[in-house]
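Raw start-v8.tsv, TSV, C-alpha atoms and all ligand atoms:
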```tsv
chain	number	residue	atom	x	y	z
A	1	MET	CA	0.00	0.00	0.00
A	2	THR	CA	1.34	3.45	-0.88
A	3	ASP	CA	1.66	6.32	1.61
A	4	VAL	CA	-1.27	8.00	-0.08
A	5	ASP	CA	-3.50	4.92	0.16
A	6	SER	CA	-2.78	4.29	3.81
A	7	LEU	CA	-3.30	7.94	4.69
A	8	ALA	CA	-6.57	7.96	2.72
A	9	GLN	CA	-7.66	4.95	4.74
A	10	GLY	CA	-6.85	6.68	8.04
A	11	ILE	CA	-8.83	9.72	6.89
A	12	GLN	CA	-11.84	7.57	6.03
A	13	HIS	CA	-11.61	6.08	9.50
A	14	GLN	CA	-11.74	9.63	10.83
A	15	GLN	CA	-8.35	9.51	12.53
A	16	LYS	CA	-7.49	13.06	13.52
A	17	ARG	CA	-3.76	12.59	12.98
A	18	ALA	CA	-4.30	11.31	9.45
A	19	ILE	CA	-6.64	14.22	8.72
A	20	ALA	CA	-4.11	16.76	10.04
A	21	ARG	CA	-1.28	15.16	8.07
A	22	GLY	CA	-3.28	15.11	4.83
A	23	LEU	CA	-4.23	18.75	5.26
A	24	SER	CA	-0.56	19.67	5.67
A	25	TRP	CA	0.30	17.89	2.43
A	26	ILE	CA	-2.47	19.77	0.68
A	27	GLU	CA	-1.55	23.12	2.19
A	28	ARG	CA	2.08	22.76	1.08
A	29	ASP	CA	0.88	21.82	-2.42
A	30	GLN	CA	3.03	18.70	-2.45
A	31	GLN	CA	2.65	15.94	-5.01
A	32	LEU	CA	1.41	13.66	-2.23
A	33	GLY	CA	-1.32	16.17	-1.47
A	34	LYS	CA	-2.45	16.23	-5.10
A	35	ASP	CA	-2.52	12.44	-5.24
A	36	LEU	CA	-4.43	12.32	-1.99
A	37	VAL	CA	-7.14	14.72	-3.17
A	38	ARG	CA	-7.65	12.67	-6.35
A	39	THR	CA	-7.89	9.48	-4.29
A	40	LEU	CA	-10.42	10.99	-1.87
A	41	PHE	CA	-12.54	12.83	-4.43
A	42	PRO	CA	-14.94	9.93	-5.22
A	43	LEU	CA	-15.64	9.55	-1.49
A	44	ALA	CA	-16.68	13.20	-1.13
A	45	GLY	CA	-19.86	14.96	-2.21
A	46	HIS	CA	-21.96	14.45	0.92
A	47	ALA	CA	-20.98	17.32	3.23
A	48	HIS	CA	-22.84	20.62	3.26
A	49	VAL	CA	-20.09	23.15	2.55
A	50	ILE	CA	-20.90	26.48	4.18
A	51	GLY	CA	-18.95	29.68	3.57
A	52	ILE	CA	-18.92	32.44	6.18
A	53	THR	CA	-17.53	35.70	4.86
A	54	GLY	CA	-17.58	39.39	5.73
A	55	ALA	CA	-15.39	42.32	6.69
A	56	PRO	CA	-12.79	42.00	9.48
A	57	GLY	CA	-14.22	41.95	12.98
A	58	VAL	CA	-17.92	41.58	12.13
A	59	GLY	CA	-18.09	38.42	14.25
A	60	LYS	CA	-17.54	35.62	11.73
A	61	SER	CA	-15.53	33.41	14.11
A	62	THR	CA	-17.99	33.93	16.94
A	63	LEU	CA	-20.84	32.95	14.62
A	64	VAL	CA	-18.94	29.94	13.23
A	65	ASN	CA	-18.41	28.78	16.78
A	66	ARG	CA	-22.14	29.09	17.53
A	67	LEU	CA	-23.16	27.34	14.33
A	68	ALA	CA	-20.69	24.54	14.95
A	69	LEU	CA	-22.04	23.95	18.45
A	70	ALA	CA	-25.66	24.05	17.24
A	71	LEU	CA	-25.00	21.56	14.42
A	72	ARG	CA	-23.00	19.44	16.82
A	73	SER	CA	-25.96	19.25	19.17
A	74	GLN	CA	-27.97	17.83	16.24
A	75	GLY	CA	-25.42	15.03	16.15
A	76	GLN	CA	-23.45	16.30	13.16
A	77	ARG	CA	-19.67	16.11	12.87
A	78	ILE	CA	-18.23	19.46	11.84
A	79	GLY	CA	-15.09	20.50	9.98
A	80	ILE	CA	-14.00	24.14	10.23
A	81	LEU	CA	-11.50	25.84	7.91
A	82	ALA	CA	-10.31	29.35	8.70
A	83	VAL	CA	-8.91	30.63	5.44
A	84	ASP	CA	-6.57	33.57	5.75
A	85	PRO	CA	-5.56	35.09	2.44
A	86	SER	CA	-3.60	37.97	3.94
A	87	SER	CA	-0.91	36.22	5.89
A	88	PRO	CA	1.45	33.55	4.57
A	89	PHE	CA	1.79	32.13	8.08
A	90	SER	CA	-0.76	31.71	10.82
A	91	GLY	CA	-1.08	35.29	11.99
A	92	GLY	CA	-2.46	36.93	15.07
A	93	ALA	CA	-6.09	36.95	14.00
A	94	ILE	CA	-6.13	33.21	13.37
A	95	LEU	CA	-4.41	32.58	16.67
A	96	GLY	CA	-7.15	34.60	18.35
A	97	ASP	CA	-9.75	32.51	16.53
A	98	ARG	CA	-8.16	29.36	17.82
A	99	ILE	CA	-8.39	30.51	21.37
A	100	ARG	CA	-12.01	31.56	20.98
A	101	MET	CA	-12.80	28.31	19.22
A	102	GLN	CA	-11.41	26.27	22.04
A	103	ASP	CA	-14.70	25.00	23.43
A	104	SER	CA	-15.59	23.46	20.10
A	105	VAL	CA	-12.06	22.30	19.33
A	106	MET	CA	-12.09	20.28	22.52
A	107	ASP	CA	-15.07	18.34	21.25
A	108	GLU	CA	-14.27	15.10	19.43
A	109	GLY	CA	-16.83	15.78	16.70
A	110	VAL	CA	-15.30	19.07	15.60
A	111	PHE	CA	-12.11	19.47	13.60
A	112	MET	CA	-10.71	23.00	13.23
A	113	ARG	CA	-7.84	24.05	11.02
A	114	SER	CA	-6.49	27.29	9.55
A	115	LEU	CA	-5.19	27.43	6.00
A	116	ALA	CA	-2.71	30.07	4.90
A	117	THR	CA	-1.92	31.42	1.43
A	118	ARG	CA	0.47	29.80	-0.96
A	119	GLY	CA	2.55	32.28	-2.89
A	120	HIS	CA	1.08	31.63	-6.33
A	121	LEU	CA	-2.18	32.75	-7.85
A	122	GLY	CA	-5.10	30.44	-7.23
A	123	GLY	CA	-3.09	28.55	-4.62
A	124	LEU	CA	-5.48	29.40	-1.85
A	125	SER	CA	-8.62	28.24	-3.60
A	126	ARG	CA	-6.83	25.08	-4.70
A	127	ALA	CA	-5.72	24.34	-1.14
A	128	THR	CA	-9.25	25.04	0.10
A	129	PHE	CA	-10.76	22.78	-2.56
A	130	GLY	CA	-8.40	20.00	-1.46
A	131	ALA	CA	-9.07	20.58	2.23
A	132	VAL	CA	-12.86	20.57	1.73
A	133	THR	CA	-12.62	17.36	-0.32
A	134	LEU	CA	-10.58	15.75	2.45
A	135	LEU	CA	-12.95	16.74	5.27
A	136	ASP	CA	-15.95	15.69	3.19
A	137	ALA	CA	-14.36	12.29	2.50
A	138	ALA	CA	-13.60	11.98	6.23
A	139	GLY	CA	-17.36	12.02	6.80
A	140	PHE	CA	-17.87	15.47	8.31
A	141	ASP	CA	-21.51	16.37	7.78
A	142	SER	CA	-20.89	20.08	7.45
A	143	VAL	CA	-17.72	21.95	6.55
A	144	LEU	CA	-17.63	25.60	7.58
A	145	ILE	CA	-15.17	27.89	5.79
A	146	GLU	CA	-14.47	31.27	7.36
A	147	THR	CA	-12.75	33.89	5.25
A	148	VAL	CA	-12.40	37.66	5.33
A	149	GLY	CA	-14.37	39.03	2.41
A	150	ALA	CA	-12.00	41.41	0.70
A	151	GLY	CA	-10.83	40.31	-2.71
A	152	GLN	CA	-10.82	37.95	-5.64
A	153	SER	CA	-9.29	34.99	-3.84
A	154	GLU	CA	-12.03	35.08	-1.20
A	155	VAL	CA	-14.71	35.10	-3.86
A	156	GLU	CA	-13.02	32.07	-5.41
A	157	VAL	CA	-12.91	30.36	-2.05
A	158	MET	CA	-16.60	31.05	-1.49
A	159	GLN	CA	-17.45	29.51	-4.85
A	160	LEU	CA	-16.48	26.20	-3.27
A	161	ALA	CA	-19.34	26.54	-0.79
A	162	HIS	CA	-22.87	25.30	-1.36
A	163	SER	CA	-24.23	28.05	0.86
A	164	THR	CA	-22.48	31.32	1.54
A	165	VAL	CA	-23.40	33.39	4.58
A	166	VAL	CA	-22.40	37.04	4.26
A	167	VAL	CA	-21.96	38.60	7.69
A	168	GLN	CA	-22.24	42.33	8.23
A	169	ALA	CA	-22.37	44.51	11.31
A	170	PRO	CA	-24.14	47.82	11.89
A	171	GLY	CA	-22.31	51.06	11.35
A	172	LEU	CA	-19.55	50.04	9.00
A	173	GLY	CA	-20.78	52.08	6.03
A	174	ASP	CA	-23.25	49.48	4.91
A	175	ASP	CA	-23.74	50.32	1.29
A	176	ILE	CA	-20.08	50.63	0.44
A	177	GLN	CA	-19.21	47.61	2.53
A	178	ALA	CA	-21.29	45.21	0.47
A	179	ILE	CA	-20.77	46.64	-2.97
A	180	LYS	CA	-17.03	47.07	-2.61
A	181	ALA	CA	-16.47	43.44	-1.80
A	182	GLY	CA	-18.68	42.35	-4.70
A	183	ILE	CA	-20.28	40.34	-1.99
A	184	LEU	CA	-23.97	40.62	-2.83
A	185	GLU	CA	-23.70	38.21	-5.73
A	186	ILE	CA	-22.12	35.47	-3.66
A	187	GLY	CA	-24.40	35.57	-0.61
A	188	GLN	CA	-27.38	33.24	-0.24
A	189	ILE	CA	-27.95	34.15	3.39
A	190	PHE	CA	-27.24	37.53	4.94
A	191	VAL	CA	-26.57	37.96	8.64
A	192	VAL	CA	-26.49	41.29	10.42
A	193	ASN	CA	-24.48	40.37	13.49
A	194	LYS	CA	-23.95	42.60	16.53
A	195	ALA	CA	-27.66	43.34	16.43
A	196	ASP	CA	-27.19	44.57	20.01
A	197	HIS	CA	-25.50	47.59	18.45
A	198	GLU	CA	-27.40	50.60	17.19
A	199	GLY	CA	-28.32	50.68	13.52
A	200	ALA	CA	-28.94	46.96	12.91
A	201	ASP	CA	-32.35	47.60	11.33
A	202	HIS	CA	-30.83	50.24	9.09
A	203	THR	CA	-28.25	47.69	7.91
A	204	VAL	CA	-31.00	45.14	7.24
A	205	ARG	CA	-32.86	47.72	5.13
A	206	ALA	CA	-29.71	48.70	3.27
A	207	ILE	CA	-29.03	45.07	2.34
A	208	ARG	CA	-32.67	44.50	1.35
A	209	GLY	CA	-32.57	47.62	-0.80
A	210	MET	CA	-29.52	46.42	-2.65
A	211	LEU	CA	-30.81	42.86	-3.05
A	212	THR	CA	-34.11	43.88	-4.62
A	213	LEU	CA	-32.20	45.68	-7.33
A	214	GLY	CA	-31.30	42.53	-9.19
A	215	LEU	CA	-32.61	39.35	-7.65
A	216	GLU	CA	-36.38	39.45	-8.17
A	217	HIS	CA	-36.21	36.81	-10.86
A	218	LEU	CA	-34.47	34.25	-8.67
A	219	ASP	CA	-36.30	31.39	-6.99
A	220	TRP	CA	-34.10	31.69	-3.90
A	221	PHE	CA	-34.38	35.07	-2.28
A	222	PRO	CA	-31.65	35.48	0.35
A	223	PRO	CA	-33.02	35.86	3.90
A	224	ILE	CA	-31.56	38.67	5.98
A	225	LEU	CA	-31.21	37.62	9.62
A	226	LYS	CA	-30.18	39.47	12.75
A	227	THR	CA	-27.89	37.79	15.28
A	228	VAL	CA	-25.99	38.53	18.45
A	229	ALA	CA	-23.42	35.78	18.07
A	230	GLU	CA	-21.69	36.70	21.28
A	231	ARG	CA	-24.85	35.84	23.22
A	232	ASP	CA	-25.94	32.99	20.92
A	233	GLU	CA	-29.03	34.89	19.78
A	234	GLY	CA	-30.38	34.13	16.31
A	235	THR	CA	-28.20	31.08	15.76
A	236	ASP	CA	-31.18	28.77	15.24
A	237	ALA	CA	-32.64	30.97	12.51
A	238	VAL	CA	-29.32	30.83	10.64
A	239	ILE	CA	-29.24	27.03	11.00
A	240	ARG	CA	-32.81	26.83	9.62
A	241	ALA	CA	-31.92	29.09	6.69
A	242	LEU	CA	-28.93	26.87	5.92
A	243	GLN	CA	-31.12	23.76	5.99
A	244	ASP	CA	-33.69	25.45	3.74
A	245	HIS	CA	-30.98	26.48	1.31
A	246	ARG	CA	-29.54	22.98	1.23
A	247	ALA	CA	-33.01	21.55	0.49
A	248	TYR	CA	-33.49	24.19	-2.22
A	249	LEU	CA	-30.18	23.25	-3.86
A	250	GLN	CA	-31.06	19.58	-3.82
A	251	GLU	CA	-34.57	20.02	-5.18
A	252	SER	CA	-33.51	22.43	-7.90
A	253	GLY	CA	-30.73	20.13	-9.08
A	254	GLN	CA	-28.03	22.66	-8.23
A	255	TRP	CA	-26.45	20.41	-5.63
A	256	ALA	CA	-25.79	17.74	-8.27
A	257	ARG	CA	-24.64	20.39	-10.74
A	258	MET	CA	-22.03	21.69	-8.29
A	259	ARG	CA	-20.68	18.19	-7.86
A	260	ALA	CA	-20.48	17.85	-11.64
A	261	ASP	CA	-18.60	21.17	-11.83
A	262	GLN	CA	-16.17	19.95	-9.21
A	263	THR	CA	-15.58	16.80	-11.21
A	264	THR	CA	-14.71	18.96	-14.21
A	265	HIS	CA	-12.49	21.07	-11.98
A	266	ILE	CA	-10.48	18.13	-10.66
A	267	ILE	CA	-9.93	16.82	-14.19
A	268	GLU	CA	-8.71	20.29	-15.22
A	269	LEU	CA	-6.32	20.36	-12.28
A	270	ALA	CA	-5.00	16.92	-13.22
A	271	VAL	CA	-4.44	17.95	-16.84
A	272	ARG	CA	-2.69	21.15	-15.79
A	273	ASP	CA	-0.46	19.26	-13.34
A	274	TRP	CA	0.42	16.77	-16.04
A	275	ALA	CA	1.29	19.55	-18.52
A	276	GLU	CA	3.42	21.35	-15.93
A	277	GLU	CA	5.25	18.14	-15.19
A	278	ALA	CA	5.84	17.56	-18.92
A	279	LEU	CA	7.28	21.07	-19.21
A	280	ARG	CA	9.52	20.56	-16.20
A	281	ALA	CA	10.84	17.34	-17.69
A	282	ALA	CA	11.44	19.06	-21.04
A	283	ARG	CA	13.47	21.81	-19.39
A	284	SER	CA	15.89	19.25	-18.05
A	285	ASP	CA	15.91	17.16	-21.23
A	286	ALA	CA	19.22	16.95	-23.10
A	287	ASN	CA	17.41	18.14	-26.24
A	288	TRP	CA	16.20	21.39	-24.68
A	289	ASP	CA	19.04	23.51	-26.12
A	290	LYS	CA	18.44	22.11	-29.58
A	291	TRP	CA	14.69	22.80	-29.40
A	292	HIS	CA	15.49	26.27	-28.20
A	293	GLU	CA	17.83	26.84	-31.11
A	294	ASP	CA	15.26	25.44	-33.59
A	295	VAL	CA	12.62	27.89	-32.45
A	296	LEU	CA	15.03	30.82	-32.24
A	297	THR	CA	16.24	30.32	-35.81
A	298	GLY	CA	12.81	29.55	-37.20
A	299	ARG	CA	13.70	26.00	-38.20
A	300	ARG	CA	10.69	24.79	-36.25
A	301	ASP	CA	7.52	26.29	-34.92
A	302	ALA	CA	7.17	26.38	-31.11
A	303	ALA	CA	4.01	24.29	-31.43
A	304	HIS	CA	6.03	21.53	-33.12
A	305	VAL	CA	8.43	21.47	-30.23
A	306	ALA	CA	5.48	21.38	-27.82
A	307	THR	CA	4.10	18.33	-29.62
A	308	GLU	CA	7.44	16.61	-29.26
A	309	VAL	CA	7.58	17.47	-25.57
A	310	VAL	CA	4.15	15.92	-25.02
A	311	ARG	CA	5.02	12.85	-27.10
A	312	ARG	CA	8.15	12.25	-25.09
A	313	ARG	CA	6.24	12.61	-21.89
A	314	LEU	CA	3.62	10.10	-23.06
A	315	ALA	CA	6.35	7.61	-23.98
A	316	TRP	CA	7.86	8.16	-20.53
A	317	ASP	CA	4.53	7.61	-18.75
A	401	LIG	N1	-21.43	43.41	20.69
A	401	LIG	C1	-21.19	42.29	20.02
A	401	LIG	N2	-19.94	41.88	19.85
A	401	LIG	C2	-19.72	40.74	19.14
A	401	LIG	C3	-20.78	39.99	18.61
A	401	LIG	N3	-20.27	38.93	17.96
A	401	LIG	C4	-18.94	39.01	18.09
A	401	LIG	N4	-18.60	40.12	18.81
A	401	LIG	C5	-17.24	40.58	19.15
A	401	LIG	O1	-16.62	41.15	18.02
A	401	LIG	C6	-15.22	40.91	18.02
A	401	LIG	C7	-14.81	40.27	16.72
A	401	LIG	O2	-15.40	38.98	16.64
A	401	LIG	P1	-14.81	37.84	15.71
A	401	LIG	O3	-15.74	36.70	15.80
A	401	LIG	O4	-13.39	37.59	16.01
A	401	LIG	O5	-14.90	38.55	14.31
A	401	LIG	P2	-14.32	38.03	12.91
A	401	LIG	O6	-15.23	38.56	11.87
A	401	LIG	O7	-14.07	36.58	12.95
A	401	LIG	O8	-12.94	38.79	12.87
A	401	LIG	P3	-11.71	38.51	11.85
A	401	LIG	O9	-11.54	37.02	11.72
A	401	LIG	O10	-10.54	39.16	12.52
A	401	LIG	O11	-12.08	39.17	10.56
A	401	LIG	C8	-14.95	40.04	19.24
A	401	LIG	O12	-14.51	40.85	20.28
A	401	LIG	C9	-16.31	39.44	19.55
A	401	LIG	O13	-16.45	39.13	20.91
A	401	LIG	C10	-22.11	40.46	18.83
A	401	LIG	O14	-23.11	39.86	18.38
A	401	LIG	N5	-22.26	41.60	19.52
A	402	MG	MG	-12.33	35.45	12.53
```
Just give me the structure as structure tokens.
Ligand SMILES: Nc1nc2c(ncn2[C@@H]2O[C@H](COP(=O)(O)OP(=O)(O)OP(=O)(O)O)[C@@H](O)[C@H]2O)c(=O)[nH]1
Ligand SMILES: [Mg+2]
Amino acid sequence: MTDVDSLAQGIQHQQKRAIARGLSWIERDQQLGKDLVRTLFPLAGHAHVIGITGAPGVGKSTLVNRLALALRSQGQRIGILAVDPSSPFSGGAILGDRIRMQDSVMDEGVFMRSLATRGHLGGLSRATFGAVTLLDAAGFDSVLIETVGAGQSEVEVMQLAHSTVVVQAPGLGDDIQAIKAGILEIGQIFVVNKADHEGADHTVRAIRGMLTLGLEHLDWFPPILKTVAERDEGTDAVIRALQDHRAYLQESGQWARMRADQTTHIIELAVRDWAEEALRAARSDANWDKWHEDVLTGRRDAAHVATEVVRRRLAWD
């Protein structure tokens, strides 16, 4: 049995050490991690993947903690990913999350992990895709992904979720807040947290006003819910909205369509990896200088050389 197969087996048996090890492989973008994700992919597709996004400090982690405990009390096993696009290493904010998450981390049925950025473009969403696939294959019923809603990589990360909860808080310049992050399009559930603060109703109205501008034709109209996550108020309504949205996705066929899209995605990743590997091999091939010279002098078209590179790689495989 290969390393990948035995680790995949440990993950299926829900061994926390195997899960942690696999996630590290995936986070570091190692070949073993890629192999592992491909091995686990057919076992995934059952978990409800829930994105929690919003501006810094609106209470995402506090809400995630509440949701995790509520789902846990229904008997679910919960995976939590805190995705931090801003820091290459686990920074202060994530460390703070960990401490606040402690009561759920202690629980056997909850697995919490933070994922940091890889240097290259798309690395974060790839790592998150792999991590979600792993946790799903490990049998977690729900996977919660927390990320700060600020840029393109977060939007990409949220596209991995079945249901995205956009969290806002009163008094942060509501209109600009939502539009700037391009966040309205990705939210299926809106939460105005810190409803104990002044202006929560104004924020609800501002969101409703913006939503009605373009979503009338949709058959899912995003609910806008008020919560006080710190005091566990409103958690149940968010849980119900998530269950409704899941049922909606399943009945409308979107759940199956997302799984089909992911299947396309993993094939694309595999093809891209294979092509990159072929190129790497070509660069260290003894013929590289000759090919280079051929293209430079016009003796051969670059596409001809590419065909030869691929042919050689196929013969090698
Ligand atoms: N008043 C009030 N404070 C809250 C509420 N929910 C969370 N907080 C507080 O708001 C602060 C930020 O909460 P977090 O849950 O860390 O917010 P976050 O969105 O995860 O923050 P980042 O991950 O740093 O972007 C903490 O001090 C929480 O205790 C709430 O409903 N009301
Ligand atoms: Mg947080």
*For ligand MG 402 (chain A), which residue out of A:Ser114, A:Gln12, A:Ser142, A:Thr147 is the nearest one, using all atoms listed in the file?*
A:Thr147
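Minimum atom-to-atom distance to Val310 (chain A), evaluated using all atoms listed in the file, belongs to A:Glu276 out of A:Asp232, A:Asp84, A:Asp35, A:Glu276.
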_Quick one: residues within 10 Å of Ala278 (chain A), all atoms listed in the file, excluding same-chain residues fewer than 6 positions away - as a ChimeraX atom specification?_
/A:272,306,309-314,316
_Distance limit 7 Å, reference ligand LIG 401 (chain A), atoms considered: only C-alpha atoms and all ligand atoms. Which residues make the cut? Give them as a PyMOL selection string._
chain A and resi 54-63+93-94+97+148+193-197+227-231
Selection to disk with C-alpha atoms, as an mmCIF file, in the coordinates of the input:
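File written: again-v7.cif
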```
data_model
loop_
_atom_site.group_PDB
_atom_site.id
_atom_site.type_symbol
_atom_site.label_atom_id
_atom_site.label_comp_id
_atom_site.auth_asym_id
_atom_site.auth_seq_id
_atom_site.Cartn_x
_atom_site.Cartn_y
_atom_site.Cartn_z
ATOM 1 C CA GLY A 54 -17.580 39.390 5.730
ATOM 2 C CA ALA A 55 -15.390 42.320 6.690
ATOM 3 C CA PRO A 56 -12.790 42.000 9.480
ATOM 4 C CA GLY A 57 -14.220 41.950 12.980
ATOM 5 C CA VAL A 58 -17.920 41.580 12.130
ATOM 6 C CA GLY A 59 -18.090 38.420 14.250
ATOM 7 C CA LYS A 60 -17.540 35.620 11.730
ATOM 8 C CA SER A 61 -15.530 33.410 14.110
ATOM 9 C CA THR A 62 -17.990 33.930 16.940
ATOM 10 C CA LEU A 63 -20.840 32.950 14.620
ATOM 11 C CA ALA A 93 -6.090 36.950 14.000
ATOM 12 C CA ILE A 94 -6.130 33.210 13.370
ATOM 13 C CA ASP A 97 -9.750 32.510 16.530
ATOM 14 C CA VAL A 148 -12.400 37.660 5.330
ATOM 15 C CA ASN A 193 -24.480 40.370 13.490
ATOM 16 C CA LYS A 194 -23.950 42.600 16.530
ATOM 17 C CA ALA A 195 -27.660 43.340 16.430
ATOM 18 C CA ASP A 196 -27.190 44.570 20.010
ATOM 19 C CA HIS A 197 -25.500 47.590 18.450
ATOM 20 C CA THR A 227 -27.890 37.790 15.280
ATOM 21 C CA VAL A 228 -25.990 38.530 18.450
ATOM 22 C CA ALA A 229 -23.420 35.780 18.070
ATOM 23 C CA GLU A 230 -21.690 36.700 21.280
ATOM 24 C CA ARG A 231 -24.850 35.840 23.220
#
```
_For ligand MG 402 (chain A), the nearest of the candidates A:Ile52, A:Val191, A:Ile207, A:Ala8, counting only C-alpha atoms and all ligand atoms_ = A:Ile52
_Report, in Å to a single decimal, how far apart CA of Arg28 (chain A) and CA of Val271 (chain A) are._
19.7 Å
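With distances taken over all atoms listed in the file, A:Val110 is the one residue among A:Val110, A:Gln250, A:Trp25, A:Glu308 lying closest to Val64 (chain A).
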*Return the single residue from A:Asp289, A:Val83, A:Arg21, A:Arg72 that is closest to ligand MG 402 (chain A), with distances computed using all atoms listed in the file.*
A:Val83
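Counting all atoms listed in the file, the residue from A:Asp201, A:Glu146, A:Glu185, A:Asp141 that sits nearest to ligand MG 402 (chain A) is A:Glu146.
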